[in-house]
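Novice: File my_file03.cif below, mmCIF, C-alpha atoms:
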data_structure
loop_
_atom_site.label_atom_id
_atom_site.label_comp_id
_atom_site.auth_asym_id
_atom_site.auth_seq_id
_atom_site.Cartn_x
_atom_site.Cartn_y
_atom_site.Cartn_z
CA MET A 1 -24.52 51.57 -4.24
CA SER A 2 -23.33 48.56 -2.30
CA THR A 3 -22.04 49.19 1.19
CA ALA A 4 -19.87 46.95 3.33
CA LYS A 5 -22.86 46.32 5.58
CA ASN A 6 -25.09 45.24 2.68
CA VAL A 7 -22.42 43.00 1.16
CA LYS A 8 -21.74 41.36 4.52
CA ALA A 9 -25.46 40.70 4.99
CA THR A 10 -25.56 38.98 1.59
CA LEU A 11 -22.44 37.00 2.49
CA THR A 12 -24.05 35.84 5.73
CA GLY A 13 -27.10 34.66 3.82
CA ILE A 14 -25.05 32.66 1.30
CA LYS A 15 -23.04 31.11 4.14
CA GLY A 16 -26.33 30.00 5.66
CA HIS A 17 -27.33 28.26 2.42
CA LEU A 18 -23.95 26.51 2.27
CA THR A 19 -24.19 25.40 5.91
CA ARG A 20 -27.62 23.87 5.31
CA GLN A 21 -26.41 21.87 2.30
CA ILE A 22 -23.39 20.60 4.21
CA LYS A 23 -25.63 19.64 7.13
CA LYS A 24 -27.82 17.61 4.75
CA CYS A 25 -24.71 15.82 3.47
CA GLU A 26 -23.60 15.11 7.03
CA ASP A 27 -27.01 13.72 7.97
CA LEU A 28 -27.04 11.46 4.90
CA SER A 29 -23.51 10.20 5.58
CA ASN A 30 -24.63 9.03 9.04
CA GLN A 31 -27.56 7.02 7.69
CA THR A 32 -27.42 3.28 6.99
CA PRO A 33 -27.46 2.66 4.10
CA VAL A 34 -26.24 5.95 2.70
CA ASN A 35 -28.26 7.49 -0.13
CA TYR A 36 -25.32 8.57 -2.30
CA VAL A 37 -27.52 9.88 -5.11
CA GLU A 38 -29.20 12.33 -2.77
CA MET A 39 -25.89 13.18 -1.11
CA GLU A 40 -24.28 14.00 -4.46
CA GLY A 41 -27.18 16.32 -5.28
CA HIS A 42 -26.71 18.29 -2.06
CA TYR A 43 -22.93 18.19 -2.52
CA LYS A 44 -23.17 19.80 -5.97
CA VAL A 45 -25.41 22.53 -4.61
CA ALA A 46 -22.94 23.06 -1.75
CA GLN A 47 -20.09 23.35 -4.25
CA THR A 48 -21.95 26.09 -6.11
CA LYS A 49 -22.77 27.92 -2.87
CA TYR A 50 -19.14 27.66 -1.80
CA GLN A 51 -18.00 29.37 -5.01
CA HIS A 52 -20.60 32.11 -4.43
CA VAL A 53 -19.26 32.55 -0.89
CA LEU A 54 -15.69 32.94 -2.17
CA LEU A 55 -16.75 35.63 -4.64
CA GLN A 56 -18.79 37.45 -2.00
CA ILE A 57 -15.88 37.33 0.45
CA LEU A 58 -13.62 39.01 -2.11
CA LYS A 59 -16.27 41.64 -2.79
CA TYR A 60 -16.73 42.29 0.93
CA GLN A 61 -13.01 42.63 1.55
CA ASP A 62 -12.58 44.96 -1.43
CA ILE A 63 -15.37 47.26 -0.23
CA LEU A 64 -14.18 47.08 3.37
CA ALA A 65 -10.69 48.17 2.28
CA THR A 66 -12.15 51.43 0.95
CA THR A 67 -13.57 52.35 4.36
CA ASN A 68 -11.70 53.79 7.32
CA ILE A 69 -11.05 50.35 8.83
CA ASN A 70 -7.63 50.08 10.45
CA GLU A 71 -5.00 47.63 9.23
CA GLU A 72 -5.22 45.30 12.25
CA ALA A 73 -8.98 44.96 11.97
CA MET A 74 -8.69 44.30 8.23
CA ASP A 75 -6.12 41.56 8.87
CA ASP A 76 -8.51 39.96 11.36
CA VAL A 77 -11.31 39.92 8.76
CA ILE A 78 -9.02 38.39 6.13
CA GLN A 79 -7.82 35.70 8.55
CA GLU A 80 -11.35 34.87 9.68
CA ASN A 81 -12.46 34.47 6.08
CA ALA A 82 -9.42 32.32 5.25
CA ASP A 83 -10.15 30.01 8.20
CA TYR A 84 -13.78 29.72 7.10
CA GLU A 85 -12.77 28.90 3.52
CA ASP A 86 -10.36 26.17 4.73
CA ALA A 87 -12.98 24.62 7.02
CA MET A 88 -15.63 24.51 4.30
CA HIS A 89 -13.17 23.14 1.75
CA THR A 90 -12.20 20.32 4.13
CA LYS A 91 -15.85 19.36 4.66
CA LEU A 92 -16.63 19.43 0.95
CA GLN A 93 -13.52 17.35 0.20
CA HIS A 94 -14.69 14.73 2.70
CA PHE A 95 -18.07 14.32 0.98
CA ASP A 96 -16.42 14.31 -2.44
CA ASN A 97 -14.20 11.44 -1.24
CA LEU A 98 -17.19 9.45 0.03
CA ILE A 99 -19.01 9.87 -3.28
CA THR A 100 -15.88 8.98 -5.26
CA ILE A 101 -15.35 5.81 -3.22
CA HIS A 102 -18.97 4.76 -3.73
CA LYS A 103 -18.69 5.27 -7.50
CA ALA A 104 -15.39 3.37 -7.62
CA ILE A 105 -16.88 0.41 -5.76
CA THR A 106 -19.96 0.43 -8.00
CA ASN A 107 -17.89 0.57 -11.21
CA ILE A 108 -15.45 -2.14 -10.14
CA ALA A 109 -18.26 -4.40 -8.98
CA ALA A 110 -20.06 -3.95 -12.31
CA THR A 111 -16.89 -4.71 -14.27
CA ALA A 112 -16.18 -7.81 -12.20
CA SER A 113 -19.70 -9.14 -12.74
CA GLN A 114 -19.40 -8.68 -16.54
CA ASN A 115 -16.05 -10.45 -16.81
CA GLN A 116 -16.30 -13.84 -15.14
CA THR A 117 -12.83 -14.90 -16.38
CA GLN A 118 -11.14 -12.47 -14.00
CA PRO A 119 -10.71 -13.34 -10.30
CA ASP A 120 -13.20 -11.87 -7.88
CA VAL A 121 -12.06 -8.63 -6.29
CA LYS A 122 -13.16 -8.37 -2.69
CA LEU A 123 -13.51 -4.71 -1.95
CA PRO A 124 -14.02 -3.47 1.59
CA SER A 125 -17.30 -1.91 2.54
CA LEU A 126 -17.55 1.71 3.62
CA SER A 127 -17.86 0.66 7.26
CA LEU A 128 -14.14 1.26 7.79
CA PRO A 129 -12.76 2.63 11.06
CA THR A 130 -12.13 6.36 11.18
CA PHE A 131 -9.17 8.24 12.59
CA SER A 132 -9.22 11.86 13.71
CA GLY A 133 -5.75 12.20 15.23
CA THR A 134 -6.99 13.01 18.71
CA GLU A 135 -5.03 11.72 21.67
CA ASP A 136 -7.68 9.15 22.62
CA LYS A 137 -7.61 7.41 19.21
CA SER A 138 -5.15 4.59 18.61
CA TRP A 139 -3.22 4.86 15.34
CA ASP A 140 -2.10 1.21 15.49
CA ASN A 141 -5.67 -0.05 15.91
CA PHE A 142 -6.89 2.12 13.00
CA TRP A 143 -3.98 1.33 10.69
CA ASN A 144 -4.01 -2.44 11.27
CA LYS A 145 -7.69 -2.58 10.28
CA PHE A 146 -7.10 -0.33 7.27
CA VAL A 147 -4.20 -2.51 6.10
CA VAL A 148 -6.35 -5.65 6.25
CA SER A 149 -9.31 -4.00 4.47
CA VAL A 150 -7.56 -1.82 1.87
CA ASP A 151 -3.78 -1.35 1.95
CA SER A 152 -2.87 -5.03 1.53
CA ASN A 153 -5.29 -5.51 -1.39
CA ALA A 154 -3.05 -5.82 -4.45
CA ASN A 155 -6.05 -5.41 -6.79
CA VAL A 156 -6.71 -1.85 -5.61
CA ALA A 157 -4.62 0.94 -7.16
CA LYS A 158 -2.76 3.30 -4.86
CA THR A 159 -4.80 6.24 -6.08
CA THR A 160 -7.96 4.38 -5.01
CA LYS A 161 -6.35 3.52 -1.67
CA PHE A 162 -5.59 7.22 -1.32
CA THR A 163 -9.29 7.98 -1.80
CA TYR A 164 -10.30 5.35 0.76
CA LEU A 165 -7.80 6.70 3.28
CA GLN A 166 -8.89 10.32 2.97
CA ALA A 167 -12.52 9.25 3.33
CA VAL A 168 -11.92 7.70 6.76
CA LEU A 169 -9.70 10.47 8.11
CA LYS A 170 -11.32 13.27 10.09
CA ASN A 171 -10.53 16.57 11.77
CA GLU A 172 -6.80 17.06 12.46
CA ALA A 173 -5.65 13.95 10.56
CA LEU A 174 -7.66 14.90 7.44
CA GLN A 175 -6.48 18.51 7.58
CA MET A 176 -2.89 17.26 7.60
CA VAL A 177 -3.15 15.40 4.27
CA CYS A 178 -6.03 17.03 2.36
CA ASN A 179 -3.70 19.09 0.12
CA LEU A 180 -1.56 16.18 -1.13
CA THR A 181 -2.08 14.98 -4.70
CA PHE A 182 -3.93 11.79 -5.73
CA THR A 183 -0.96 9.84 -7.14
CA ASP A 184 0.92 6.67 -6.20
CA ASP A 185 3.64 8.79 -4.61
CA GLY A 186 0.97 10.91 -2.96
CA TYR A 187 -0.49 7.86 -1.23
CA ASP A 188 2.93 6.75 0.01
CA ASN A 189 3.62 10.27 1.26
CA VAL A 190 0.29 10.41 3.10
CA VAL A 191 0.92 7.09 4.84
CA GLN A 192 4.43 8.14 5.85
CA LEU A 193 3.23 11.54 7.09
CA LEU A 194 0.54 9.94 9.24
CA LYS A 195 2.97 7.39 10.63
CA ASP A 196 5.51 10.09 11.44
CA ASN A 197 2.89 11.97 13.44
CA TYR A 198 0.87 9.21 15.09
CA ALA A 199 2.82 5.93 15.07
CA LYS A 200 4.78 6.81 18.20
CA PRO A 201 5.50 4.25 20.96
CA GLY A 202 5.02 6.82 23.72
CA ARG A 203 1.59 7.76 22.43
CA THR A 204 0.57 4.10 22.12
CA ILE A 205 1.76 3.36 25.66
CA ARG A 206 -0.29 6.26 27.05
CA LEU A 207 -3.42 5.02 25.25
CA LEU A 208 -2.98 1.42 26.40
CA THR A 209 -2.26 2.51 29.97
CA GLN A 210 -5.42 4.61 30.03
CA LYS A 211 -7.47 1.71 28.65
CA LEU A 212 -6.13 -0.56 31.40
CA LEU A 213 -6.97 2.02 34.04
CA ASP A 214 -10.51 2.31 32.66
CA ILE A 215 -11.26 -1.41 33.07
CA ASN A 216 -13.66 -1.99 35.95
CA PRO A 217 -12.06 -4.19 38.66
CA PRO A 218 -13.71 -7.61 39.22
CA ASN A 219 -15.51 -8.75 42.33
CA SER A 220 -15.31 -12.23 43.81
CA THR A 221 -17.83 -13.88 41.45
CA GLY A 222 -16.76 -16.16 38.65
CA ASP A 223 -18.67 -14.20 36.00
CA SER A 224 -17.01 -10.96 37.07
CA LEU A 225 -13.54 -12.50 36.94
CA GLN A 226 -14.27 -13.98 33.51
CA ALA A 227 -15.52 -10.63 32.18
CA PHE A 228 -12.43 -8.91 33.57
CA ARG A 229 -10.11 -11.45 31.93
CA LEU A 230 -11.80 -11.09 28.53
CA GLU A 231 -11.71 -7.30 28.65
CA LEU A 232 -8.07 -7.34 29.72
CA GLU A 233 -7.15 -9.63 26.83
#
Take the structure in this file and express it as structure tokens.
Specialist:
Amino acid sequence: MSTAKNVKATLTGIKGHLTRQIKKCEDLSNQTPVNYVEMEGHYKVAQTKYQHVLLQILKYQDILATTNINEEAMDDVIQENADYEDAMHTKLQHFDNLITIHKAITNIAATASQNQTQPDVKLPSLSLPTFSGTEDKSWDNFWNKFVVSVDSNANVAKTTKFTYLQAVLKNEALQMVCNLTFTDDGYDNVVQLLKDNYAKPGRTIRLLTQKLLDINPPNSTGDSLQAFRLELE
């Protein structure tokens, strides 16, 4: 007969398997160039492990509810599991986006090479800037580069732009938009939501002020003054 202790031990083991697969995906995503074939293999395994974790969490909570655990402690367990599920889902979604972008670029490039009568489509590489939403990251700097690379490209559908955007968002910024749907309206809504939260003059002023304060003051040499001028500009 399964006990809460035994089920939790099994759950911990499955979580460990999932963590290792996600770590392998993270390591691959930081390599140059990225081995997307290998990443997709680990991602698929991680997806399977994630589903096993969800089932085991439900089993653990059901068994735990039959014990003499008090209501407050049970609520804490449920909340802890919900937070874990959300965190793992966000990480898996990020890798899914990276793989989807890679496949989209590969397919479009192959189509363009087969049809020479169509104009060349210059797609941005995956070395796009990232944005996490933290106070030390400039939204304007990120968005201006994203507009030049992706948003202003009329040959890229909004659903593809949506995929690009989610792939370069991280942490708080990604969490904010990860549940929106991949549609034209969804992309517009994501952009507006991000602008509403991060495109704020006061925030930009604080960032620029801090950058100015961080510039090392020049000494009396010509090289130092020149370096200071260039950094200030």
Novice: What gap, in Å, lies between atom CA of A:Leu174 and atom CA of A:Leu11?
Specialist: 27.0 Å
Novice: Do a neighbour search on A:Ala87 at 12 Å with all atoms listed in the file, toss out local chain neighbours closer than 6 positions, and write the hits as a PyMOL selection string.
Specialist: chain A and resi 19+22+50+80-81+93-94+170-172+174-175+178
Novice: So what do you get for atom CA of A:Val156 versus atom CA of A:His102, distance-wise?
Specialist: 14.1 Å
Novice: List the spatial neighbours of A:Val77 as a list in words - criterion: any atom at most 12 Å away, all atoms listed in the file, same-chain residues fewer than 4 positions off excluded.
Specialist: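 Surrounding residues, per the criterion: Lys8, Ile57, Leu58, Tyr60, Gln61, Asp62, Leu64, Ala65, Ile69, Asn70, Glu71, Glu72, Ala73, Asn81, Ala82, Asp83 and Tyr84 of chain A.
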Novice: Could you check which of A:Asp188, A:Leu165, A:Thr160, A:Thr100 is closest to A:Thr130, using only C-alpha atoms?
Specialist: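 The shortest atom-to-atom distance to A:Thr130 comes from A:Leu165.
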